[in-house]
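For reference, the structure is listed below as structure tokens.
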Amino acid sequence: MTTIAANLQAVRARIARAAQAAGRRADDVVLVAVSKTFPAERIAEAYAAGQRAFGENQAQEAVEKITKLEPPFSSREKGGNEGSGPLLLPLEWHFIGPIQSNKTRLIAGHFQWVHSVERRKIAARLNDARPAELPPLNVCIQVNVSGEASKSGIAPGEEAGLAEAISRLPRLKLRGLMAIPEPMPDERLRRRRFALLRELKEGLVARGYALDMLSMGMSDDLEAAIAEGATMVRVGTAIFGPRKKNAREQQ
Ligand SMILES: *Cc1c(COP(=O)(O)O)cnc(C)c1O
């Protein structure tokens, strides 16, 4: 077994244990393997070990890998085509990084999910750039649940306004909320940040939004996130190993 296959197995086991401890089903939690900074070959290796959803935080870097690993959407056959080799099978791509205006076309054309929407203008640009032949782009609103310490995401309380704006964009499908809480040594404090995101999502559901996703939890805190209701965990280091120091990191 390759290291990546073994790591994936260990992460899946952690997810299953955390889900069980919370009285949830393991398959209610989607594992997004965060492959940023790693080459397409490592993604193919994870694919061979059964992984389908991958997260990237830089549009240009991601699209280079995507075009290496997949045929263009337009030439894909509908349904599964198992057997034609890992490099030609459709993977599911999740954009999880800060979004610059000039990258919205690239993102809207290549990803199925965007977790990091935090501005109306960016939402509108993603909507306008989403190719007509593709289904609506699944999006989550990123919320800054840690206050000052983290730069990305809207402040808690601003999600209703942004949700309203997104719901009027026909080429976007609002699915839920995402957060990257600052690292916390204290388990109770960690859980409180995740609980806040869950409560904000419940508030939107009470207002009539059909949201089914809470994107929260990474290599170091996925257990706490699952305990508070995460339906997507974004895990990089625990699958692919440590990233190079000079790799640009978001926060
Ligand atoms: C890099 C990154 C991750 C993965 O973090 P790890 O600690 O390596 O698991 C998750 N979410 C976002 C938004 C990231 O940028």
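Starting from 1 in every chain, residues are counted up; chains themselves are A, B, ... following the order of the structure tokens, and ligands are numbered from 1 as listed.
Residues lying within 12 Å of Ser167 in chain A, counting only C-alpha atoms and ignoring same-chain neighbours fewer than 4 positions away, are A:Arg120, A:Ala123, A:Ala124, A:Asn127, A:Pro136, A:Asn138, A:Val139, A:Cys140, A:Ile141, A:Glu159, A:Ala160, A:Gly161, A:Leu162, A:Ala163, A:Arg171, A:Leu172, A:Lys173, A:Leu174, A:Arg175, A:Gly176, A:Leu204, A:Gly208, A:Tyr209, A:Ala210, A:Leu211.
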Quick one: everything within 12 Å of Leu197 in chain A, counting only C-alpha atoms, minus sequence neighbours fewer than 5 positions away in the same chain. Send it as an mmCIF file with C-alpha atoms, in the first residue's frame.
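That gives us result.cif:
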```cif
data_model
loop_
_atom_site.group_PDB
_atom_site.id
_atom_site.type_symbol
_atom_site.label_atom_id
_atom_site.label_comp_id
_atom_site.auth_asym_id
_atom_site.auth_seq_id
_atom_site.Cartn_x
_atom_site.Cartn_y
_atom_site.Cartn_z
ATOM 1 C CA CYS A 140 -20.668 27.821 0.545
ATOM 2 C CA ILE A 141 -20.367 31.159 2.312
ATOM 3 C CA GLN A 142 -17.141 31.489 4.287
ATOM 4 C CA VAL A 143 -17.663 32.871 7.800
ATOM 5 C CA ASN A 144 -14.913 34.208 10.032
ATOM 6 C CA VAL A 145 -15.813 32.521 13.309
ATOM 7 C CA SER A 146 -12.541 33.455 15.028
ATOM 8 C CA GLY A 153 -14.771 35.262 5.645
ATOM 9 C CA ILE A 154 -17.709 37.487 6.505
ATOM 10 C CA ALA A 155 -18.496 38.371 10.114
ATOM 11 C CA PRO A 156 -21.150 36.255 11.838
ATOM 12 C CA GLY A 157 -24.479 38.003 11.280
ATOM 13 C CA GLU A 159 -24.480 35.588 6.267
ATOM 14 C CA GLY A 176 -24.028 25.828 3.221
ATOM 15 C CA LEU A 177 -21.350 27.555 5.279
ATOM 16 C CA MET A 178 -17.598 27.115 5.618
ATOM 17 C CA ALA A 179 -15.104 28.201 8.283
ATOM 18 C CA ILE A 180 -11.397 27.899 9.091
ATOM 19 C CA PRO A 181 -11.181 28.578 12.827
ATOM 20 C CA ARG A 190 -12.500 24.529 19.232
ATOM 21 C CA ARG A 191 -15.924 23.036 19.477
ATOM 22 C CA ARG A 192 -17.471 26.382 20.324
ATOM 23 C CA GLU A 202 -29.495 26.514 11.367
ATOM 24 C CA GLY A 203 -30.519 30.179 11.418
ATOM 25 C CA LEU A 204 -30.454 30.307 7.614
ATOM 26 C CA MET A 213 -23.514 21.445 4.021
ATOM 27 C CA LEU A 214 -21.205 22.529 6.822
ATOM 28 C CA SER A 215 -17.631 22.635 5.536
ATOM 29 C CA MET A 216 -15.423 22.588 8.634
ATOM 30 C CA GLY A 217 -12.595 20.530 10.095
ATOM 31 C CA ALA A 225 -15.869 19.567 13.657
ATOM 32 C CA GLU A 228 -20.530 19.728 15.885
ATOM 33 C CA GLY A 229 -22.118 18.595 12.647
ATOM 34 C CA ALA A 230 -19.530 18.951 9.841
#
```
As a ChimeraX atom specification, which residues of range 11-215 of chain A does DSSP assign to alpha helix (DSSP H)?
/A:11-21,40-48,59-69,104-110,120-129,159-167,187-206
Would you mind listing, for every residue of chain A within 10 Å of ligand 1, the two atoms forming the shortest contact and the distance between them in Å to one decimal, using only C-alpha atoms and all ligand atoms, sorted by chain and ascending residue number, as JSON lines?
```
{"residue": "A:Val32", "atom": "CA", "partner": "ligand 1", "partner_atom_place_in_ligand_line": "10 (C)", "distance": 8.6}
{"residue": "A:Ala33", "atom": "CA", "partner": "ligand 1", "partner_atom_place_in_ligand_line": "4 (C)", "distance": 7.9}
{"residue": "A:Val34", "atom": "CA", "partner": "ligand 1", "partner_atom_place_in_ligand_line": "4 (C)", "distance": 5.5}
{"residue": "A:Ser35", "atom": "CA", "partner": "ligand 1", "partner_atom_place_in_ligand_line": "1 (C)", "distance": 8.1}
{"residue": "A:Lys36", "atom": "CA", "partner": "ligand 1", "partner_atom_place_in_ligand_line": "1 (C)", "distance": 6.8}
{"residue": "A:Thr37", "atom": "CA", "partner": "ligand 1", "partner_atom_place_in_ligand_line": "1 (C)", "distance": 9.2}
{"residue": "A:Gly55", "atom": "CA", "partner": "ligand 1", "partner_atom_place_in_ligand_line": "11 (N)", "distance": 7.8}
{"residue": "A:Glu56", "atom": "CA", "partner": "ligand 1", "partner_atom_place_in_ligand_line": "15 (O)", "distance": 7.5}
{"residue": "A:Asn57", "atom": "CA", "partner": "ligand 1", "partner_atom_place_in_ligand_line": "15 (O)", "distance": 5.9}
{"residue": "A:Gln58", "atom": "CA", "partner": "ligand 1", "partner_atom_place_in_ligand_line": "15 (O)", "distance": 9.3}
{"residue": "A:His94", "atom": "CA", "partner": "ligand 1", "partner_atom_place_in_ligand_line": "13 (C)", "distance": 9.9}
{"residue": "A:Phe95", "atom": "CA", "partner": "ligand 1", "partner_atom_place_in_ligand_line": "13 (C)", "distance": 8.5}
{"residue": "A:Ile96", "atom": "CA", "partner": "ligand 1", "partner_atom_place_in_ligand_line": "13 (C)", "distance": 4.8}
{"residue": "A:Gly97", "atom": "CA", "partner": "ligand 1", "partner_atom_place_in_ligand_line": "13 (C)", "distance": 5.7}
{"residue": "A:Pro98", "atom": "CA", "partner": "ligand 1", "partner_atom_place_in_ligand_line": "13 (C)", "distance": 8.6}
{"residue": "A:His115", "atom": "CA", "partner": "ligand 1", "partner_atom_place_in_ligand_line": "13 (C)", "distance": 8.0}
{"residue": "A:Ser116", "atom": "CA", "partner": "ligand 1", "partner_atom_place_in_ligand_line": "13 (C)", "distance": 7.8}
{"residue": "A:Gln142", "atom": "CA", "partner": "ligand 1", "partner_atom_place_in_ligand_line": "13 (C)", "distance": 9.5}
{"residue": "A:Ser152", "atom": "CA", "partner": "ligand 1", "partner_atom_place_in_ligand_line": "13 (C)", "distance": 9.7}
{"residue": "A:Met178", "atom": "CA", "partner": "ligand 1", "partner_atom_place_in_ligand_line": "13 (C)", "distance": 8.6}
{"residue": "A:Ala179", "atom": "CA", "partner": "ligand 1", "partner_atom_place_in_ligand_line": "13 (C)", "distance": 7.9}
{"residue": "A:Ile180", "atom": "CA", "partner": "ligand 1", "partner_atom_place_in_ligand_line": "13 (C)", "distance": 6.3}
{"residue": "A:Pro181", "atom": "CA", "partner": "ligand 1", "partner_atom_place_in_ligand_line": "11 (N)", "distance": 9.9}
{"residue": "A:Pro183", "atom": "CA", "partner": "ligand 1", "partner_atom_place_in_ligand_line": "7 (O)", "distance": 9.5}
{"residue": "A:Ser215", "atom": "CA", "partner": "ligand 1", "partner_atom_place_in_ligand_line": "11 (N)", "distance": 8.9}
{"residue": "A:Met216", "atom": "CA", "partner": "ligand 1", "partner_atom_place_in_ligand_line": "11 (N)", "distance": 7.9}
{"residue": "A:Gly217", "atom": "CA", "partner": "ligand 1", "partner_atom_place_in_ligand_line": "10 (C)", "distance": 7.4}
{"residue": "A:Met218", "atom": "CA", "partner": "ligand 1", "partner_atom_place_in_ligand_line": "9 (O)", "distance": 4.2}
{"residue": "A:Ser219", "atom": "CA", "partner": "ligand 1", "partner_atom_place_in_ligand_line": "9 (O)", "distance": 3.6}
{"residue": "A:Asp220", "atom": "CA", "partner": "ligand 1", "partner_atom_place_in_ligand_line": "7 (O)", "distance": 6.1}
{"residue": "A:Asp221", "atom": "CA", "partner": "ligand 1", "partner_atom_place_in_ligand_line": "7 (O)", "distance": 8.4}
{"residue": "A:Leu222", "atom": "CA", "partner": "ligand 1", "partner_atom_place_in_ligand_line": "9 (O)", "distance": 8.7}
{"residue": "A:Val233", "atom": "CA", "partner": "ligand 1", "partner_atom_place_in_ligand_line": "10 (C)", "distance": 7.8}
{"residue": "A:Arg234", "atom": "CA", "partner": "ligand 1", "partner_atom_place_in_ligand_line": "10 (C)", "distance": 4.6}
{"residue": "A:Val235", "atom": "CA", "partner": "ligand 1", "partner_atom_place_in_ligand_line": "9 (O)", "distance": 3.7}
{"residue": "A:Gly236", "atom": "CA", "partner": "ligand 1", "partner_atom_place_in_ligand_line": "8 (O)", "distance": 3.6}
{"residue": "A:Thr237", "atom": "CA", "partner": "ligand 1", "partner_atom_place_in_ligand_line": "8 (O)", "distance": 3.7}
{"residue": "A:Ala238", "atom": "CA", "partner": "ligand 1", "partner_atom_place_in_ligand_line": "9 (O)", "distance": 6.1}
{"residue": "A:Ile239", "atom": "CA", "partner": "ligand 1", "partner_atom_place_in_ligand_line": "9 (O)", "distance": 7.9}
{"residue": "A:Phe240", "atom": "CA", "partner": "ligand 1", "partner_atom_place_in_ligand_line": "8 (O)", "distance": 8.2}
{"residue": "A:Gly241", "atom": "CA", "partner": "ligand 1", "partner_atom_place_in_ligand_line": "8 (O)", "distance": 7.9}
{"residue": "A:Pro242", "atom": "CA", "partner": "ligand 1", "partner_atom_place_in_ligand_line": "8 (O)", "distance": 7.2}
{"residue": "A:Arg243", "atom": "CA", "partner": "ligand 1", "partner_atom_place_in_ligand_line": "8 (O)", "distance": 7.7}
{"residue": "A:Arg248", "atom": "CA", "partner": "ligand 1", "partner_atom_place_in_ligand_line": "15 (O)", "distance": 9.6}
{"residue": "A:Glu249", "atom": "CA", "partner": "ligand 1", "partner_atom_place_in_ligand_line": "15 (O)", "distance": 6.6}
{"residue": "A:Gln250", "atom": "CA", "partner": "ligand 1", "partner_atom_place_in_ligand_line": "15 (O)", "distance": 5.5}
{"residue": "A:Gln251", "atom": "CA", "partner": "ligand 1", "partner_atom_place_in_ligand_line": "15 (O)", "distance": 6.8}
```
What would the file look like if the residues just selected were written as a CSV table (one decimal), in the first residue's frame with N, CA and C atoms?
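The resulting file, result-v3.csv, is shown below:
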```csv
chain,number,residue,atom,x,y,z
A,32,VAL,N,-12.9,15.8,1.7
A,32,VAL,CA,-12.3,16.6,0.6
A,32,VAL,C,-10.8,16.5,0.8
A,33,ALA,N,-10.1,15.9,-0.1
A,33,ALA,CA,-8.6,15.7,0.1
A,33,ALA,C,-8.0,17.0,-0.5
A,34,VAL,N,-7.3,17.8,0.4
A,34,VAL,CA,-6.7,19.1,0.0
A,34,VAL,C,-5.3,18.8,-0.6
A,35,SER,N,-5.3,18.9,-1.9
A,35,SER,CA,-4.1,18.6,-2.7
A,35,SER,C,-3.2,19.8,-3.1
A,36,LYS,N,-3.6,21.0,-2.6
A,36,LYS,CA,-2.8,22.2,-2.9
A,36,LYS,C,-1.3,21.9,-2.7
A,37,THR,N,-0.5,22.4,-3.6
A,37,THR,CA,1.0,22.3,-3.6
A,37,THR,C,1.5,20.9,-4.0
A,55,GLY,N,-9.5,19.3,-3.0
A,55,GLY,CA,-9.6,20.7,-2.7
A,55,GLY,C,-8.3,21.4,-3.1
A,56,GLU,N,-8.5,22.6,-3.7
A,56,GLU,CA,-7.3,23.4,-4.1
A,56,GLU,C,-7.6,24.9,-3.8
A,57,ASN,N,-6.5,25.7,-3.5
A,57,ASN,CA,-6.8,27.0,-3.1
A,57,ASN,C,-6.1,28.1,-4.0
A,58,GLN,N,-5.5,27.6,-5.1
A,58,GLN,CA,-5.0,28.6,-6.1
A,58,GLN,C,-5.5,28.2,-7.5
A,94,HIS,N,-13.0,21.1,-5.6
A,94,HIS,CA,-13.5,22.1,-4.6
A,94,HIS,C,-12.5,23.2,-4.5
A,95,PHE,N,-13.0,24.4,-4.8
A,95,PHE,CA,-12.1,25.6,-4.6
A,95,PHE,C,-12.3,26.1,-3.2
A,96,ILE,N,-11.2,26.2,-2.4
A,96,ILE,CA,-11.3,26.5,-1.0
A,96,ILE,C,-10.5,27.7,-0.6
A,97,GLY,N,-9.9,28.4,-1.5
A,97,GLY,CA,-9.1,29.6,-1.2
A,97,GLY,C,-9.7,30.9,-1.5
A,98,PRO,N,-9.0,32.0,-1.1
A,98,PRO,CA,-9.5,33.3,-1.4
A,98,PRO,C,-9.6,33.5,-2.9
A,115,HIS,N,-16.0,26.8,-1.8
A,115,HIS,CA,-16.3,26.9,-0.4
A,115,HIS,C,-16.2,28.3,0.2
A,116,SER,N,-15.5,29.2,-0.5
A,116,SER,CA,-14.9,30.4,0.1
A,116,SER,C,-15.6,31.7,-0.5
A,142,GLN,N,-18.2,31.6,3.3
A,142,GLN,CA,-17.1,31.5,4.3
A,142,GLN,C,-17.4,32.5,5.4
A,152,SER,N,-10.0,35.9,6.5
A,152,SER,CA,-11.0,35.6,5.4
A,152,SER,C,-12.4,35.3,6.0
A,178,MET,N,-19.0,27.6,5.4
A,178,MET,CA,-17.6,27.1,5.6
A,178,MET,C,-16.8,28.0,6.6
A,179,ALA,N,-16.0,27.4,7.4
A,179,ALA,CA,-15.1,28.2,8.3
A,179,ALA,C,-13.8,27.5,8.5
A,180,ILE,N,-12.8,28.4,8.7
A,180,ILE,CA,-11.4,27.9,9.1
A,180,ILE,C,-11.1,28.5,10.4
A,181,PRO,N,-11.5,28.0,11.5
A,181,PRO,CA,-11.2,28.6,12.8
A,181,PRO,C,-9.7,28.6,13.1
A,183,PRO,N,-6.2,27.8,14.9
A,183,PRO,CA,-5.9,26.6,15.7
A,183,PRO,C,-6.1,26.9,17.2
A,215,SER,N,-19.0,23.0,5.9
A,215,SER,CA,-17.6,22.6,5.5
A,215,SER,C,-16.7,23.1,6.6
A,216,MET,N,-16.3,22.2,7.5
A,216,MET,CA,-15.4,22.6,8.6
A,216,MET,C,-14.7,21.4,9.1
A,217,GLY,N,-13.4,21.6,9.6
A,217,GLY,CA,-12.6,20.5,10.1
A,217,GLY,C,-11.5,20.3,9.1
A,218,MET,N,-10.2,20.2,9.7
A,218,MET,CA,-9.0,19.9,8.9
A,218,MET,C,-8.2,18.8,9.6
A,219,SER,N,-7.0,18.6,9.2
A,219,SER,CA,-6.2,17.5,9.7
A,219,SER,C,-6.2,17.5,11.2
A,220,ASP,N,-6.1,18.7,11.9
A,220,ASP,CA,-5.9,18.7,13.3
A,220,ASP,C,-7.1,18.8,14.1
A,221,ASP,N,-8.3,19.1,13.5
A,221,ASP,CA,-9.5,19.3,14.3
A,221,ASP,C,-10.7,18.7,13.7
A,222,LEU,N,-10.6,17.6,12.9
A,222,LEU,CA,-11.8,17.1,12.2
A,222,LEU,C,-12.7,16.4,13.2
A,233,VAL,N,-15.3,17.6,5.5
A,233,VAL,CA,-14.0,18.0,6.2
A,233,VAL,C,-13.0,18.1,5.1
A,234,ARG,N,-12.1,19.1,5.2
A,234,ARG,CA,-11.1,19.4,4.2
A,234,ARG,C,-9.7,19.0,4.8
A,235,VAL,N,-9.1,17.9,4.3
A,235,VAL,CA,-8.0,17.4,5.0
A,235,VAL,C,-6.8,17.3,4.0
A,236,GLY,N,-5.7,18.0,4.3
A,236,GLY,CA,-4.5,18.0,3.5
A,236,GLY,C,-3.4,17.2,4.1
A,237,THR,N,-2.7,17.8,5.1
A,237,THR,CA,-1.5,17.2,5.7
A,237,THR,C,-1.6,15.8,6.1
A,238,ALA,N,-2.7,15.4,6.7
A,238,ALA,CA,-2.9,14.0,7.2
A,238,ALA,C,-3.0,13.0,6.0
A,239,ILE,N,-3.2,13.5,4.8
A,239,ILE,CA,-3.3,12.6,3.6
A,239,ILE,C,-2.0,12.7,2.8
A,240,PHE,N,-1.6,13.9,2.5
A,240,PHE,CA,-0.5,14.1,1.5
A,240,PHE,C,0.9,14.3,2.2
A,241,GLY,N,0.8,14.6,3.5
A,241,GLY,CA,2.1,14.9,4.3
A,241,GLY,C,2.2,16.4,4.3
A,242,PRO,N,3.3,16.8,5.0
A,242,PRO,CA,3.5,18.3,5.2
A,242,PRO,C,3.8,19.0,3.9
A,243,ARG,N,3.3,20.2,3.8
A,243,ARG,CA,3.6,21.0,2.6
A,243,ARG,C,4.9,21.8,2.7
A,248,ARG,N,2.5,29.0,-0.8
A,248,ARG,CA,1.7,30.1,-0.3
A,248,ARG,C,0.5,29.5,0.5
A,249,GLU,N,0.3,30.0,1.6
A,249,GLU,CA,-0.8,29.4,2.5
A,249,GLU,C,-1.9,30.5,2.6
A,250,GLN,N,-3.1,30.1,2.7
A,250,GLN,CA,-4.1,31.1,3.0
A,250,GLN,C,-4.5,31.1,4.4
A,251,GLN,N,-5.1,32.1,4.9
A,251,GLN,CA,-5.7,32.0,6.2
A,251,GLN,C,-7.0,32.8,6.3
```
Within 10 Å of Phe111 in chain A, counting only C-alpha atoms, which residues qualify if same-chain residues fewer than 4 places away don't, as a VMD selection string?
chain A and resid 54 to 56 59 62 to 63 66 91 to 95 106 to 107 130 137 to 138
Using only C-alpha atoms, which residues sit within 8 Å of Arg125 in chain A once same-chain residues fewer than 5 positions away are excluded, as a ChimeraX atom specification?
/A:101,104-105
Export, as an mmCIF file, in the first residue's frame, the selected residues with C-alpha atoms.
```
data_model
loop_
_atom_site.group_PDB
_atom_site.id
_atom_site.type_symbol
_atom_site.label_atom_id
_atom_site.label_comp_id
_atom_site.auth_asym_id
_atom_site.auth_seq_id
_atom_site.Cartn_x
_atom_site.Cartn_y
_atom_site.Cartn_z
ATOM 1 C CA SER A 101 -11.908 38.816 -9.336
ATOM 2 C CA THR A 104 -13.584 33.813 -11.276
ATOM 3 C CA ARG A 105 -13.820 32.602 -14.900
#
```
